[in-house]
file query_4.cif (mmCIF, C-alpha atoms)
data_input
loop_
_atom_site.label_atom_id
_atom_site.label_comp_id
_atom_site.auth_asym_id
_atom_site.auth_seq_id
_atom_site.Cartn_x
_atom_site.Cartn_y
_atom_site.Cartn_z
CA MET A 1 0.00 0.00 0.00
CA GLN A 2 1.34 3.40 -0.97
CA ASP A 3 2.11 5.46 2.16
CA TRP A 4 3.00 8.74 0.49
CA TYR A 5 1.32 11.23 -1.82
CA LEU A 6 3.02 13.55 -4.31
CA LEU A 7 1.41 16.90 -4.95
CA ASN A 8 1.17 18.27 -8.48
CA GLN A 9 4.56 19.42 -9.75
CA ASP A 10 3.15 22.87 -10.39
CA THR A 11 2.58 23.26 -6.65
CA ARG A 12 5.80 24.65 -5.26
CA PRO A 13 6.01 25.57 -1.55
CA ASN A 14 7.08 29.11 -0.81
CA VAL A 15 7.51 28.67 2.94
CA THR A 16 11.07 28.45 4.23
CA GLY A 17 10.39 28.92 7.94
CA GLY A 18 10.59 25.21 8.72
CA TYR A 19 7.37 25.00 10.78
CA GLU A 20 4.83 22.27 9.97
CA ASN A 21 1.89 24.65 10.41
CA ASP A 22 3.34 26.99 7.78
CA ALA A 23 3.68 24.11 5.34
CA PHE A 24 0.12 22.98 6.04
CA LEU A 25 -1.33 26.44 5.44
CA GLU A 26 0.64 26.74 2.23
CA ASN A 27 -0.44 23.40 0.72
CA LYS A 28 -3.86 22.55 2.19
CA ASP A 29 -5.92 24.07 -0.64
CA ASP A 30 -3.73 22.48 -3.30
CA ALA A 31 -4.08 19.03 -1.72
CA PHE A 32 -7.89 19.09 -1.79
CA ALA A 33 -7.95 20.67 -5.26
CA GLU A 34 -5.88 17.76 -6.54
CA ALA A 35 -8.22 15.27 -4.82
CA LEU A 36 -11.06 16.82 -6.84
CA GLU A 37 -9.21 15.87 -10.02
CA THR A 38 -9.20 12.18 -9.12
CA ASP A 39 -11.90 9.52 -9.57
CA ILE A 40 -13.17 9.93 -6.00
CA ALA A 41 -14.72 13.26 -7.04
CA THR A 42 -17.54 13.87 -9.49
CA SER A 43 -18.77 16.72 -11.68
CA VAL A 44 -22.13 18.27 -10.75
CA ILE A 45 -24.06 21.42 -11.60
CA LEU A 46 -24.52 23.94 -8.78
CA TYR A 47 -27.64 26.16 -8.96
CA ASN A 48 -28.87 29.09 -6.91
CA SER A 49 -32.27 28.88 -5.19
CA ASP A 50 -34.36 29.81 -8.24
CA LEU A 51 -32.26 27.84 -10.78
CA SER A 52 -31.46 31.04 -12.69
CA ILE A 53 -27.66 30.81 -12.20
CA SER A 54 -25.63 27.64 -12.62
CA LYS A 55 -22.06 26.46 -12.93
CA GLN A 56 -20.30 23.11 -13.16
CA ILE A 57 -18.11 22.20 -10.21
CA ARG A 58 -16.18 19.23 -8.86
CA CYS A 59 -17.00 17.83 -5.42
CA ILE A 60 -16.77 14.63 -3.40
CA ILE A 61 -20.15 13.06 -2.61
CA GLN A 62 -20.29 10.67 0.32
CA GLY A 63 -23.02 8.28 1.46
CA ASN A 64 -23.91 6.84 -1.96
CA THR A 65 -24.27 3.34 -0.48
CA ALA A 66 -26.83 3.86 2.26
CA ASN A 67 -28.04 1.14 4.61
CA THR A 68 -31.64 2.38 4.93
CA GLN A 69 -34.26 3.81 2.60
CA LEU A 70 -34.35 7.19 4.37
CA LYS A 71 -30.55 7.53 4.32
CA SER A 72 -30.59 6.84 0.58
CA LEU A 73 -32.33 10.21 0.17
CA GLU A 74 -29.46 12.04 1.90
CA ARG A 75 -25.85 12.76 0.95
CA THR A 76 -22.83 14.46 2.49
CA VAL A 77 -20.78 16.58 0.07
CA LEU A 78 -17.26 18.02 0.24
CA PHE A 79 -16.56 21.25 -1.65
CA GLN A 80 -13.82 23.80 -1.92
CA ILE A 81 -14.29 26.36 0.87
CA GLY A 82 -16.76 29.15 0.03
CA THR A 83 -18.64 27.21 -2.65
CA VAL A 84 -22.17 26.57 -1.31
CA LYS A 85 -24.93 27.94 0.92
CA ALA A 86 -28.01 26.25 2.28
CA GLY A 87 -30.89 26.65 -0.17
CA MET A 88 -28.79 26.01 -3.27
CA TYR A 89 -29.42 23.03 -5.55
CA ILE A 90 -27.03 20.33 -6.81
CA PHE A 91 -27.91 18.47 -10.03
CA PHE A 92 -26.48 15.01 -9.42
CA GLU A 93 -27.41 11.61 -10.94
CA ASN A 94 -30.03 13.33 -13.11
CA ARG A 95 -31.92 14.61 -10.03
CA TYR A 96 -32.08 17.87 -8.10
CA TRP A 97 -30.80 17.85 -4.51
CA LEU A 98 -31.33 20.65 -1.98
CA ILE A 99 -28.45 21.79 0.24
CA ASP A 100 -30.21 21.71 3.62
CA GLY A 101 -27.40 21.60 6.20
CA TYR A 102 -25.28 24.36 7.71
CA PRO A 103 -22.06 24.43 5.61
CA GLY A 104 -18.91 24.15 7.71
CA ASN A 105 -15.21 23.69 7.01
CA ASN A 106 -12.08 22.33 8.67
CA GLY A 107 -9.65 24.62 6.88
CA ILE A 108 -9.17 22.14 4.03
CA TYR A 109 -12.64 21.60 2.54
CA GLU A 110 -16.25 22.70 3.05
CA LYS A 111 -18.83 20.12 4.08
CA ALA A 112 -22.63 20.22 3.79
CA THR A 113 -25.58 17.85 3.65
CA MET A 114 -28.13 17.62 0.85
CA VAL A 115 -31.48 15.87 0.41
CA LEU A 116 -33.21 14.51 -2.69
CA CYS A 117 -35.95 16.65 -4.25
CA GLN A 118 -38.92 14.57 -5.39
CA TYR A 119 -41.37 17.20 -6.64
CA LEU A 120 -41.41 20.49 -8.54
CA LEU A 121 -43.75 22.78 -6.59
CA ARG A 122 -45.62 25.47 -8.57
CA TRP A 123 -47.58 28.47 -7.34
CA GLN A 124 -48.52 32.01 -8.29
CA ASN A 125 -47.10 35.01 -6.44
CA SER A 126 -48.93 38.26 -5.69
CA SER A 127 -47.92 39.68 -9.09
CA GLY A 128 -49.42 36.72 -10.95
CA GLU A 129 -46.02 35.27 -11.87
CA ILE A 130 -45.76 31.48 -11.75
CA ILE A 131 -42.95 30.35 -9.43
CA GLU A 132 -41.30 26.93 -9.41
CA ARG A 133 -39.08 25.34 -6.77
CA TRP A 134 -37.89 21.77 -6.32
CA CYS A 135 -38.77 20.51 -2.84
CA ASN A 136 -37.93 17.64 -0.54
CA ALA A 137 -40.93 15.94 1.04
CA VAL A 138 -41.18 13.40 3.84
CA SER A 139 -44.33 11.90 5.32
CA ALA A 140 -45.66 13.52 8.47
CA SER A 141 -48.57 11.04 8.71
CA LYS A 142 -46.90 7.74 7.96
CA TYR A 143 -49.51 5.60 9.70
CA ASP A 144 -52.59 7.68 8.84
CA VAL A 145 -55.38 5.72 7.15
CA GLY A 146 -55.79 8.50 4.57
CA GLU A 147 -59.35 9.57 5.48
CA ASN A 148 -61.17 11.53 8.15
CA GLY A 149 -64.82 12.37 8.68
CA ASN A 150 -67.94 10.57 9.90
CA PHE A 151 -70.60 8.25 8.48
CA THR A 152 -72.03 11.08 6.37
CA ILE A 153 -68.92 12.46 4.70
CA ALA A 154 -65.34 11.25 4.30
CA LEU A 155 -62.47 13.56 3.32
CA SER A 156 -59.02 12.49 2.16
CA SER A 157 -56.19 13.00 4.61
CA ASN A 158 -52.40 13.22 4.25
CA THR A 159 -49.57 15.38 5.59
CA TYR A 160 -46.02 16.08 4.40
CA THR A 161 -43.08 18.00 5.78
CA ILE A 162 -41.70 20.12 2.93
CA LYS A 163 -38.21 21.65 2.64
CA LEU A 164 -37.61 24.58 0.27
CA PRO A 165 -34.97 27.29 -0.22
CA GLY A 166 -35.31 30.24 2.16
CA ASP A 167 -35.69 32.91 -0.54
CA GLU A 168 -38.25 35.72 -0.73
CA GLU A 169 -40.69 33.84 -2.98
CA CYS A 170 -40.80 30.80 -0.71
CA LEU A 171 -41.24 33.00 2.38
CA ASN A 172 -44.65 34.04 1.00
CA LEU A 173 -45.87 30.44 0.63
CA ASP A 174 -47.40 30.26 4.12
CA ARG A 175 -51.18 29.47 3.94
CA LYS A 176 -51.07 28.93 0.17
CA ARG A 177 -52.67 25.92 -1.53
CA VAL A 178 -50.56 23.90 -3.97
CA PHE A 179 -50.84 20.77 -6.09
CA ILE A 180 -48.67 17.83 -4.96
CA ASP A 181 -49.67 15.20 -7.50
CA ARG A 182 -47.57 13.28 -10.02
CA LYS A 183 -50.51 12.73 -12.40
CA LYS A 184 -50.10 14.75 -15.58
CA ILE A 185 -53.79 14.53 -16.54
CA ASN A 186 -56.49 15.74 -14.14
CA PRO A 187 -54.39 16.04 -10.97
CA ASP A 188 -56.59 16.31 -7.87
CA LYS A 189 -54.29 16.15 -4.82
CA VAL A 190 -54.19 19.62 -3.25
CA PHE A 191 -52.38 20.61 -0.07
CA LYS A 192 -52.34 23.72 2.10
CA LEU A 193 -48.92 24.88 3.34
CA THR A 194 -48.97 25.76 7.03
CA ARG A 195 -46.61 26.06 10.01
CA SER A 196 -43.79 27.89 8.27
CA ASP A 197 -40.51 27.40 10.17
CA ASP A 198 -38.67 30.45 8.83
CA VAL A 199 -36.34 30.82 11.83
CA LEU A 200 -35.40 27.21 12.62
CA TYR A 201 -33.19 26.74 9.55
CA ASP A 202 -32.01 30.34 9.04
CA TYR A 203 -28.23 29.94 8.95
CA GLY A 204 -27.46 33.51 7.87
CA ASP A 205 -28.28 34.48 4.29
CA GLU A 206 -25.01 36.21 3.50
CA TYR A 207 -22.62 33.45 4.51
CA HIS A 208 -24.42 30.14 5.05
CA GLY A 209 -27.89 30.53 3.49
CA SER A 210 -31.20 29.22 4.80
CA ILE A 211 -34.05 26.82 4.03
CA LEU A 212 -37.74 26.76 4.96
CA SER A 213 -39.81 23.94 6.38
CA PHE A 214 -43.59 23.74 5.90
CA ILE A 215 -46.33 21.34 6.87
CA ALA A 216 -48.39 20.44 3.77
CA ASP A 217 -51.86 19.37 4.92
CA LYS A 218 -54.25 17.64 2.51
CA THR A 219 -57.23 19.75 1.46
CA GLU A 220 -59.84 19.55 -1.31
CA LEU A 221 -59.63 20.50 -4.98
CA ASN A 222 -61.61 23.57 -6.00
CA LEU A 223 -62.67 23.19 -9.63
CA GLN A 224 -63.73 26.82 -9.83
CA THR A 225 -60.39 28.36 -8.82
CA ASP A 226 -57.73 25.68 -9.32
CA ASN A 227 -56.08 25.28 -12.73
CA ARG A 228 -55.42 21.56 -13.15
CA GLU A 229 -53.65 21.99 -16.48
CA LEU A 230 -51.07 24.40 -15.05
CA LYS A 231 -51.13 22.75 -11.60
CA ILE A 232 -51.74 26.14 -9.97
CA CYS A 233 -54.19 26.53 -7.09
CA ASP A 234 -56.28 29.72 -6.82
CA TYR A 235 -55.14 30.65 -10.32
CA ILE A 236 -55.50 34.23 -11.53
CA ASP A 237 -55.35 34.84 -15.26
CA VAL A 238 -53.33 38.06 -15.41
CA ASN A 239 -54.00 38.37 -19.16
CA ASN A 240 -57.80 38.32 -18.69
CA PRO A 241 -58.51 39.80 -15.26
CA VAL A 242 -62.09 39.85 -14.02
CA THR A 243 -62.98 43.40 -12.97
CA PRO A 244 -66.58 43.78 -11.80
CA GLU A 245 -68.12 47.21 -11.93
CA ASP A 246 -67.75 49.47 -8.91
CA GLY A 247 -70.02 48.40 -6.07
CA GLU A 248 -71.02 45.21 -7.85
CA LYS A 249 -70.19 41.83 -6.34
CA PRO A 250 -69.89 38.80 -8.59
CA GLU A 251 -72.92 36.55 -8.29
CA LEU A 252 -72.30 33.30 -6.47
CA HIS A 253 -73.91 30.10 -7.69
CA ILE A 254 -72.85 28.05 -4.70
CA PHE A 255 -75.06 26.27 -2.19
CA ALA A 256 -74.11 24.41 0.95
CA ASP A 257 -75.31 21.96 3.59
CA ILE A 258 -74.01 21.87 7.16
CA ILE A 259 -73.73 18.20 8.06
CA GLY A 260 -74.26 17.21 11.68
CA ASN A 261 -76.95 16.80 14.37
CA ASP A 262 -79.20 19.64 15.50
CA SER A 263 -77.90 19.36 19.06
CA ILE A 264 -74.69 19.01 21.03
CA LYS A 265 -74.24 17.66 24.54
CA ILE A 266 -72.71 19.77 27.29
CA ASN A 267 -68.96 19.15 27.75
CA ARG A 268 -68.85 16.97 24.62
CA LEU A 269 -66.94 18.01 21.49
CA LYS A 270 -69.10 17.87 18.36
CA THR A 271 -67.79 18.17 14.79
CA PHE A 272 -69.80 19.61 11.90
CA TYR A 273 -68.90 19.45 8.20
CA VAL A 274 -69.89 21.51 5.18
CA LYS A 275 -70.65 20.20 1.71
CA PHE A 276 -70.98 22.53 -1.28
CA PHE A 277 -73.21 22.15 -4.33
CA SER A 278 -73.48 23.89 -7.68
CA ASP A 279 -77.28 23.97 -7.90
CA LYS A 280 -80.28 24.52 -5.65
CA ASN A 281 -81.35 20.90 -5.89
CA LYS A 282 -78.00 19.96 -4.34
CA THR A 283 -77.33 17.09 -6.68
CA ILE A 284 -73.85 18.08 -7.92
CA PRO A 285 -71.32 18.32 -5.08
CA ILE A 286 -68.30 20.58 -5.63
CA THR A 287 -65.29 21.70 -3.63
CA TYR A 288 -64.94 25.26 -2.41
CA SER A 289 -62.42 26.90 -0.09
CA ASP A 290 -63.20 30.62 0.07
CA PHE A 291 -65.69 30.59 2.95
CA ASN A 292 -65.87 31.23 6.70
CA TRP A 293 -67.52 29.42 9.59
CA LYS A 294 -69.54 31.72 11.87
CA ILE A 295 -71.14 30.96 15.23
CA ASP A 296 -74.03 33.35 15.84
CA SER A 297 -74.36 33.38 19.64
CA ASP A 298 -73.66 35.40 22.77
CA MET A 299 -72.46 32.26 24.53
CA GLU A 300 -68.76 31.49 24.93
CA LEU A 301 -68.27 28.28 22.96
CA GLU A 302 -64.98 26.54 22.31
CA ASN A 303 -64.39 25.93 18.61
CA THR A 304 -61.64 24.59 16.38
CA ILE A 305 -61.81 25.12 12.62
CA LYS A 306 -59.99 22.86 10.17
CA GLU A 307 -60.75 23.33 6.49
CA ASN A 308 -64.25 21.91 5.83
CA SER A 309 -65.05 21.12 9.46
CA VAL A 310 -65.57 22.89 12.79
CA SER A 311 -65.56 21.27 16.24
CA ILE A 312 -67.68 22.98 18.93
CA LYS A 313 -67.84 22.40 22.68
CA ALA A 314 -70.04 24.02 25.36
CA THR A 315 -68.69 23.81 28.92
CA ASN A 316 -71.02 26.05 30.98
CA ASP A 317 -74.05 24.21 32.45
CA LYS A 318 -76.03 27.47 32.21
CA TYR A 319 -76.12 26.99 28.43
CA ILE A 320 -78.22 23.80 28.66
CA GLY A 321 -81.47 24.28 26.72
CA LYS A 322 -80.16 27.28 24.78
CA PHE A 323 -79.64 27.54 21.02
CA PHE A 324 -76.98 28.97 18.74
CA LYS A 325 -76.69 29.27 14.96
CA LEU A 326 -73.88 27.79 12.91
CA GLN A 327 -73.44 29.55 9.57
CA ILE A 328 -71.44 29.32 6.35
CA VAL A 329 -70.52 32.79 5.06
CA ILE A 330 -69.11 33.72 1.63
CA ASN A 331 -68.38 37.37 0.82
CA SER A 332 -70.46 38.45 3.84
CA VAL A 333 -73.42 36.43 2.55
CA ILE A 334 -74.88 33.58 4.64
CA ILE A 335 -75.42 30.64 2.27
CA ALA A 336 -76.15 27.96 4.91
CA GLU A 337 -77.36 27.99 8.52
CA LYS A 338 -78.14 25.38 11.17
CA LYS A 339 -79.87 26.01 14.53
CA ILE A 340 -78.28 23.87 17.24
CA GLU A 341 -79.49 23.17 20.81
CA ILE A 342 -77.20 22.52 23.79
CA CYS A 343 -78.49 19.47 25.67
CA ASN A 344 -77.79 17.72 28.95
CA LEU A 345 -75.63 14.61 28.92
CA PHE A 346 -78.56 12.47 30.14
#
call {"tool": "encode", "arguments": {"input": "query_4.cif", "output": "structure tokens"}}
result
Amino acid sequence: MQDWYLLNQDTRPNVTGGYENDAFLENKDDAFAEALETDIATSVILYNSDLSISKQIRCIIQGNTANTQLKSLERTVLFQIGTVKAGMYIFFENRYWLIDGYPGNNGIYEKATMVLCQYLLRWQNSSGEIIERWCNAVSASKYDVGENGNFTIALSSNTYTIKLPGDEECLNLDRKRVFIDRKKINPDKVFKLTRSDDVLYDYGDEYHGSILSFIADKTELNLQTDNRELKICDYIDVNNPVTPEDGEKPELHIFADIIGNDSIKINRLKTFYVKFFSDKNKTIPITYSDFNWKIDSDMELENTIKENSVSIKATNDKYIGKFFKLQIVINSVIIAEKKIEICNLF
């Protein structure tokens, strides 16, 4: 086994002081640069966060032979110092990878972690421009059965944790709805991005970069506002904007039913659901997201709203025998209402 290594002949030490530290400082960069020219290194393309700037670089990628499925989606990469920031992309093995770790160095090389990107996320910003970012997704509901609801209505359920670059466009993704669906024809899997962790992975934009972590919670497709062809939720056609006359509100052709009993028991949580229809006969169910739940009452009732459902609980015994109204409101118009009585447990 060879126990010595000869640096490139063009590398000539200039230090004559005789100290080992001086020799190390003089040759450390050359030693790693020469390692990048060997077969242990590979050529990749380095991109900025929006894929608008790219360059080919050499680096050493470690962890290519993982022992578990989850580890196979991760890599450790060695670069020349000052090469990468968190939030950049590496194009490696015909896939995009997101630099998600805090880059550090030991004086010889820079080291960072990266994760595989499985999906190209698309959305529309406030100016109507369509934005695209590759994202890494892992399941946040691995053992969920995929549905929630009651005997009357069942809604699909799924949750991901999403990693994205920490740039200005991604910072505005909180509360937005996006398609996460590999189907090219008639995609129907829509998620709402919540719980933006914009501080947890902020490593310092100038020197080390940052990434964002979101929770993507499954919601329902809205055929009236979501563009399935472009895979853009709440799509706005900037070339043909709809501008109603002053003081005129667009007419809504949406009808709804509030699903649930006409009573709740004291100290018991009760969940109600809403189902939307496109005609008065309520024969054609549709999905709709731009609405508000409203509880019309002077009583103090606990309530938790989640998409198409609201859970209500009355805890004061003085409310027994009293009524409140549960309403669905769109553009300040009540389109559905249910009168509900608070009953005793027995």
call {"tool": "resolve_selection", "arguments": {"input": "query_4.cif", "expression": "the PyMOL selection byres ((chain A and resi 194-206) around 12)", "output": "PyMOL selection string"}}
result
chain A and resi 49+82+84-88+99-104+159-168+170-178+191-193+207-219+306
call {"tool": "residues_around", "arguments": {"input": "query_4.cif", "residues": "Asn292 of chain A", "least_positions_apart": "2", "cutoff": "10 Å", "atoms": "all atoms listed in the file", "output": "list in words"}}
result
Ser289, Asp290, Lys294, Ile305, Glu307, Asn308, Gln327, Ile328, Val329, Ile330, Asn331, Ser332 and Ile334 of chain A
call {"tool": "residues_around", "arguments": {"input": "query_4.cif", "residues": "segment 114-120 of chain A", "least_positions_apart": "2", "cutoff": "7 Å", "atoms": "all atoms listed in the file", "output": "ChimeraX atom specification"}}
result
/A:73-76,96-101,112,122,132-137
call {"tool": "write_last_selection", "arguments": {"input": "query_4.cif", "atoms": "C-alpha atoms", "output": "compact mmCIF listing (two decimals), in the coordinates of the input"}}
result
# COMPACT_ATOMS: atom_id res chain seq x y z
CA LEU A 73 -32.33 10.21 0.17
CA GLU A 74 -29.46 12.04 1.90
CA ARG A 75 -25.85 12.76 0.95
CA THR A 76 -22.83 14.46 2.49
CA TYR A 96 -32.08 17.87 -8.10
CA TRP A 97 -30.80 17.85 -4.51
CA LEU A 98 -31.33 20.65 -1.98
CA ILE A 99 -28.45 21.79 0.24
CA ASP A 100 -30.21 21.71 3.62
CA GLY A 101 -27.40 21.60 6.20
CA ALA A 112 -22.63 20.22 3.79
CA ARG A 122 -45.62 25.47 -8.57
CA GLU A 132 -41.30 26.93 -9.41
CA ARG A 133 -39.08 25.34 -6.77
CA TRP A 134 -37.89 21.77 -6.32
CA CYS A 135 -38.77 20.51 -2.84
CA ASN A 136 -37.93 17.64 -0.54
CA ALA A 137 -40.93 15.94 1.04
call {"tool": "atom_distance", "arguments": {"input": "query_4.cif", "atom1": "atom CA of Ile90 of chain A", "atom2": "atom CA of Ser54 of chain A"}}
result
9.4 Å
call {"tool": "atom_distance", "arguments": {"input": "query_4.cif", "atom1": "atom CA of Gly63 of chain A", "atom2": "atom CA of Phe92 of chain A"}}
result
13.3 Å
call {"tool": "closest_residue", "arguments": {"input": "query_4.cif", "among": "A:Lys111, A:Val138, A:Trp293, A:Asp237", "to": "Gln69 of chain A", "atoms": "all atoms listed in the file"}}
result
A:Val138
call {"tool": "resolve_selection", "arguments": {"input": "query_4.cif", "expression": "the PyMOL selection byres ((chain A and resi 188) around 9)", "output": "list in words"}}
result
Phe179, Ile180, Asp181, Lys183, Asn186, Pro187, Lys189, Val190, Glu220, Leu221 and Arg228 of chain A
call {"tool": "closest_residue", "arguments": {"input": "query_4.cif", "among": "A:Glu110, A:Leu269, A:Trp123, A:Ile258", "to": "Lys339 of chain A", "atoms": "only C-alpha atoms"}}
result
A:Ile258
call {"tool": "atom_distance", "arguments": {"input": "query_4.cif", "atom1": "atom CA of Leu78 of chain A", "atom2": "atom CA of Cys59 of chain A"}}
result
5.7 Å
call {"tool": "resolve_selection", "arguments": {"input": "query_4.cif", "expression": "the PyMOL selection byres ((chain A and resi 61) around 6)", "output": "ChimeraX atom specification"}}
result
/A:60,62,76-77
call {"tool": "residues_near_point", "arguments": {"input": "query_4.cif", "point": "(-66.5, 32.8, 22.4)", "cutoff": "12 Å", "atoms": "all atoms listed in the file", "output": "MDAnalysis selection string"}}
result
chainID A and resid 294:304 312:316 324
